[in-house]
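S.K.: Data file start_11.cif (mmCIF, C-alpha atoms and all ligand atoms) is appended below.
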data_entry
loop_
_atom_site.label_atom_id
_atom_site.label_comp_id
_atom_site.auth_asym_id
_atom_site.auth_seq_id
_atom_site.Cartn_x
_atom_site.Cartn_y
_atom_site.Cartn_z
CA MET H 15 160.92 152.15 -8.40
CA THR H 16 160.03 149.61 -5.73
CA THR H 17 159.02 146.15 -6.78
CA ALA H 18 157.45 143.72 -4.32
CA ILE H 19 157.03 139.98 -4.56
CA TYR H 20 154.00 138.43 -2.92
CA PRO H 21 154.76 134.71 -2.78
CA GLY H 22 152.44 131.85 -1.93
CA SER H 23 150.75 128.68 -3.04
CA PHE H 24 147.34 130.28 -3.71
CA ASP H 25 145.54 126.93 -3.74
CA PRO H 26 143.14 128.64 -4.44
CA ILE H 27 143.41 132.43 -4.26
CA THR H 28 140.98 133.88 -1.66
CA TYR H 29 139.62 137.32 -0.79
CA GLY H 30 142.29 137.37 1.96
CA HIS H 31 145.05 137.11 -0.67
CA LEU H 32 143.28 139.61 -2.94
CA ASP H 33 143.08 142.10 -0.11
CA ILE H 34 146.86 141.90 0.37
CA ILE H 35 147.43 142.18 -3.40
CA LYS H 36 145.23 145.26 -3.67
CA ARG H 37 146.73 147.00 -0.64
CA SER H 38 150.32 146.24 -1.60
CA SER H 39 149.65 147.42 -5.17
CA GLU H 40 148.75 150.80 -3.65
CA VAL H 41 152.04 150.95 -1.73
CA PHE H 42 154.56 149.59 -4.25
CA ASP H 43 155.15 150.54 -7.88
CA LYS H 44 154.91 146.95 -8.99
CA VAL H 45 153.69 143.78 -7.28
CA ILE H 46 154.64 140.37 -8.61
CA VAL H 47 152.46 137.54 -7.34
CA GLY H 48 154.93 134.65 -7.09
CA VAL H 49 153.20 131.31 -7.43
CA LEU H 50 155.09 128.42 -5.88
CA LYS H 51 155.62 125.56 -8.31
CA ASN H 52 157.42 122.89 -6.33
CA GLN H 53 154.91 122.14 -3.67
CA THR H 54 155.64 119.31 -1.35
CA LYS H 55 151.99 119.42 -0.31
CA ASN H 56 149.48 117.75 -2.58
CA PRO H 57 147.72 120.75 -4.16
CA LEU H 58 144.04 120.77 -5.09
CA PHE H 59 144.80 122.78 -8.23
CA GLU H 60 147.59 122.25 -10.71
CA PHE H 61 150.05 125.08 -10.93
CA GLU H 62 148.65 126.31 -14.28
CA GLU H 63 145.11 126.36 -12.88
CA ARG H 64 146.18 128.41 -9.86
CA VAL H 65 147.95 130.91 -12.12
CA GLU H 66 144.96 131.17 -14.43
CA MET H 67 142.59 131.96 -11.54
CA ILE H 68 144.96 134.60 -10.15
CA ARG H 69 145.27 136.15 -13.60
CA GLU H 70 141.50 136.39 -13.96
CA VAL H 71 140.80 137.92 -10.55
CA THR H 72 143.70 140.42 -10.63
CA LYS H 73 143.17 141.60 -14.22
CA ASP H 74 141.99 145.07 -13.10
CA TYR H 75 145.23 145.84 -11.25
CA SER H 76 147.55 147.39 -13.79
CA ASN H 77 150.73 147.13 -11.71
CA VAL H 78 150.26 143.50 -10.67
CA GLU H 79 152.06 140.70 -12.52
CA ILE H 80 152.16 136.96 -12.03
CA ALA H 81 155.24 134.79 -12.13
CA SER H 82 156.11 131.30 -11.06
CA TYR H 83 158.99 130.23 -8.90
CA HIS H 84 160.55 127.12 -7.54
CA GLY H 85 163.54 126.87 -5.33
CA LEU H 86 164.60 129.63 -3.00
CA LEU H 87 162.47 132.73 -2.65
CA VAL H 88 165.54 134.96 -2.29
CA ASP H 89 166.86 133.72 -5.65
CA PHE H 90 163.52 134.41 -7.32
CA THR H 91 163.36 137.86 -5.73
CA LYS H 92 166.81 138.68 -7.06
CA GLU H 93 165.98 137.28 -10.49
CA MET H 94 162.92 139.55 -10.68
CA ASN H 95 164.91 142.58 -9.48
CA ALA H 96 162.50 142.97 -6.56
CA ASP H 97 163.33 144.83 -3.37
CA VAL H 98 160.63 143.63 -1.01
CA ILE H 99 158.90 140.39 -0.07
CA VAL H 100 155.31 140.90 1.03
CA ARG H 101 153.59 138.49 3.40
CA GLY H 102 150.26 138.61 5.18
CA ILE H 103 149.87 138.04 8.91
CA ARG H 104 146.54 136.73 10.15
CA ALA H 105 147.27 135.81 13.72
CA VAL H 106 150.08 135.21 16.18
CA SER H 107 150.24 131.67 14.83
CA ASP H 108 151.41 133.04 11.44
CA PHE H 109 153.93 135.31 13.09
CA GLU H 110 156.42 132.77 14.40
CA TYR H 111 156.91 131.06 11.04
CA GLU H 112 156.91 134.33 9.09
CA LEU H 113 159.50 135.89 11.41
CA MET H 114 161.77 132.88 10.99
CA MET H 115 161.42 133.02 7.19
CA ALA H 116 162.01 136.77 7.08
CA GLN H 117 165.16 136.46 9.18
CA THR H 118 166.46 133.53 7.15
CA ASN H 119 165.89 135.44 3.91
CA LYS H 120 167.58 138.53 5.34
CA GLN H 121 170.57 136.40 6.25
CA LEU H 122 170.69 134.95 2.73
CA ASN H 123 170.29 138.35 1.06
CA PRO H 124 170.62 141.48 3.25
CA ASN H 125 169.33 143.69 0.40
CA ILE H 126 165.84 142.23 0.50
CA GLU H 127 163.31 143.42 3.06
CA THR H 128 160.27 141.43 4.13
CA MET H 129 157.23 143.58 4.86
CA PHE H 130 154.10 142.30 6.57
CA PHE H 131 150.56 143.39 5.93
CA ALA H 132 148.16 142.85 8.80
CA THR H 133 145.10 141.00 7.60
CA SER H 134 141.87 142.94 7.32
CA SER H 135 139.79 141.79 10.28
CA ARG H 136 137.07 140.36 8.08
CA TYR H 137 139.56 137.95 6.52
CA SER H 138 141.59 137.14 9.62
CA PHE H 139 140.26 133.56 9.80
CA LEU H 140 140.38 132.87 6.07
CA SER H 141 142.77 130.41 4.45
CA SER H 142 142.90 128.38 1.25
CA SER H 143 142.65 125.18 3.27
CA THR H 144 139.41 126.37 4.92
CA VAL H 145 137.99 127.09 1.47
CA ARG H 146 139.01 123.66 0.16
CA GLU H 147 137.53 121.85 3.13
CA LEU H 148 134.30 123.84 3.13
CA ALA H 149 133.77 123.21 -0.57
CA TYR H 150 134.44 119.51 -0.16
CA PHE H 151 131.59 119.28 2.34
CA ASP H 152 129.29 121.44 0.17
CA GLY H 153 129.66 124.51 2.38
CA ASP H 154 129.16 128.01 1.00
CA ILE H 155 132.49 129.48 -0.11
CA THR H 156 131.08 132.34 -2.17
CA GLN H 157 131.80 134.89 0.55
CA PHE H 158 135.46 133.80 0.72
CA VAL H 159 136.54 133.66 -2.93
CA PRO H 160 135.45 135.44 -6.14
CA GLU H 161 132.68 133.72 -8.10
CA TYR H 162 135.11 132.73 -10.85
CA VAL H 163 137.18 130.84 -8.28
CA SER H 164 134.27 129.30 -6.37
CA GLU H 165 132.96 127.71 -9.57
CA LYS H 166 136.35 126.12 -10.25
CA VAL H 167 136.67 124.89 -6.67
CA TYR H 168 133.23 123.25 -6.67
CA GLU H 169 133.96 121.68 -10.06
CA LYS H 170 137.26 120.31 -8.78
CA VAL H 171 135.99 118.83 -5.52
CA LYS H 172 133.05 117.24 -7.34
CA LYS H 173 135.54 115.31 -9.47
CA MET H 174 137.31 114.10 -6.32
CA LYS H 175 134.22 112.50 -4.81
P1 LIG H 201 151.96 129.78 1.80
O1 LIG H 201 151.73 128.32 1.52
O2 LIG H 201 153.26 130.31 1.34
O3 LIG H 201 151.61 130.23 3.21
P2 LIG H 201 149.46 130.90 1.03
O4 LIG H 201 148.89 130.95 -0.34
O5 LIG H 201 148.75 130.08 2.04
O6 LIG H 201 150.93 130.48 0.83
O7 LIG H 201 149.59 132.38 1.60
C1 LIG H 201 150.38 133.35 0.97
C2 LIG H 201 150.49 134.55 1.89
O8 LIG H 201 149.21 135.13 2.06
C3 LIG H 201 151.00 134.26 3.30
O9 LIG H 201 151.80 135.35 3.72
C4 LIG H 201 149.75 134.20 4.13
O10 LIG H 201 149.99 134.53 5.47
C5 LIG H 201 148.93 135.28 3.44
N1 LIG H 201 147.49 135.10 3.64
C6 LIG H 201 146.74 134.02 3.36
N2 LIG H 201 145.45 134.22 3.72
C7 LIG H 201 145.40 135.47 4.25
C8 LIG H 201 144.35 136.27 4.83
N3 LIG H 201 143.12 135.79 4.97
N4 LIG H 201 144.67 137.52 5.26
C9 LIG H 201 145.94 137.96 5.15
N5 LIG H 201 146.96 137.26 4.64
C10 LIG H 201 146.70 136.03 4.18
#
Have the structure of the file written as structure tokens, please.
M.R.:
Amino acid sequence: MTTAIYPGSFDPITYGHLDIIKRSSEVFDKVIVGVLKNQTKNPLFEFEERVEMIREVTKDYSNVEIASYHGLLVDFTKEMNADVIVRGIRAVSDFEYELMMAQTNKQLNPNIETMFFATSSRYSFLSSSTVRELAYFDGDITQFVPEYVSEKVYEKVKKMK
């Protein structure tokens, strides 16, 4: 049985993330979405809110679970008995950082492989930060995140203004 961890901040989860979750759930026996708790960045959504949104929009995937982590990703991966770390690559700009992380993690734990999923072309430009910014300026985010998430994002940015 192969278990994969898909780690990230998911602030908020987008169709780009969901695409990677769906595709990796078809490749691996189990996919654990690892939600980062100790963000140095100032997140738009509290950790619990991010988890709740992920739970709602992934509820139809029977082999997808959600877990939180803080500290080192390799430690979390080991703790969850996972074999693979999944990351998405959107552009060359993602690649440099992702390669460095994958090599560092391999050095820390040679038993864990990092596997990259190439973004689907229709989501290649999409990021959580784009969604946050668009929503803040009243742009249409409904094509980038599920309706459940877009409602929460609009609600949240409204409170910030
Ligand atoms: P992090 O802060 O760790 O980068 P993110 O939530 O921004 O967390 O992203 C988690 C993972 O999802 C990363 O591997 C990122 O490259 C990938 N990802 C984000 N958006 C997309 C997208 N539109 N298409 C493919 N992969 C994506």
S.K.: For CA of Glu93 in chain H and CA of Ala81 in chain H, determine how far apart the two atoms are, in Å to one decimal place.
M.R.: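 So the two atoms, CA of Glu93 in chain H and CA of Ala81 in chain H, lie 11.1 Å apart.
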S.K.: When the cut-off is 8 Å and you count only C-alpha atoms and all ligand atoms, which residues lie near ligand LIG 201 (chain H), shown as a PyMOL selection string?
M.R.: chain H and resi 20-31+33-34+50+100-104+108+112+130-134+137-143
S.K.: Looking at H:Leu113, H:Ile126, H:Glu40, H:Ser82, which one is nearest to Ile68 in chain H, with distances taken over only C-alpha atoms?
M.R.: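 Going through H:Leu113, H:Ile126, H:Glu40, H:Ser82 one by one, the smallest distance to Ile68 in chain H is for H:Ser82.
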S.K.: Of the candidates H:Leu58, H:Val65, H:Ile155, H:Ala116, which one gets nearest to Met129 in chain H if we count all atoms listed in the file?
M.R.: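 With all atoms listed in the file as the atom set, the closest residue is H:Ala116.
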S.K.: I'd like the interatomic distance between CA of Tyr168 in chain H and CA of Arg69 in chain H, to a tenth of an Å.
M.R.: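 Pair CA of Tyr168 in chain H / CA of Arg69 in chain H returns 19.0 Å.
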S.K.: What separation in Å, quoted to one decimal, exists between CA of Asn95 in chain H and CA of Ser39 in chain H?
M.R.: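 Separation between CA of Asn95 in chain H and CA of Ser39 in chain H: 16.6 Å.
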S.K.: Of the candidates H:Ile35, H:Val106, H:Asp97, H:Val49, which shows the shortest atom-to-atom distance to Glu66 in chain H, using all atoms listed in the file?
M.R.: H:Val49
S.K.: Compile the contact shell of range 74-77 of chain H as a list in words: residues with an atom at most 12 Å away, counting only C-alpha atoms, same-chain residues fewer than 5 positions apart removed.
M.R.: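 The residues satisfying every condition are Met15, Thr16, Thr17, Ala18, Ile19, Leu32, Asp33, Ile35, Lys36, Arg37, Ser38, Ser39, Glu40, Val41, Phe42, Asp43, Lys44, Val45, Ile46, Val47, Ile68 and Arg69 of chain H.
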S.K.: Measuring atom to atom with all atoms listed in the file, identify which of H:Phe109, H:Ile99, H:Val167, H:Leu86 is nearest to Thr128 in chain H.
M.R.: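 Among the listed residues, H:Ile99 lies closest to Thr128 in chain H.
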S.K.: Tell me which residues come within 6 Å of (136.0, 117.3, -2.4), as a ChimeraX atom specification, counting all atoms listed in the file in the file's coordinates.
M.R.: /H:150,171-172,174-175
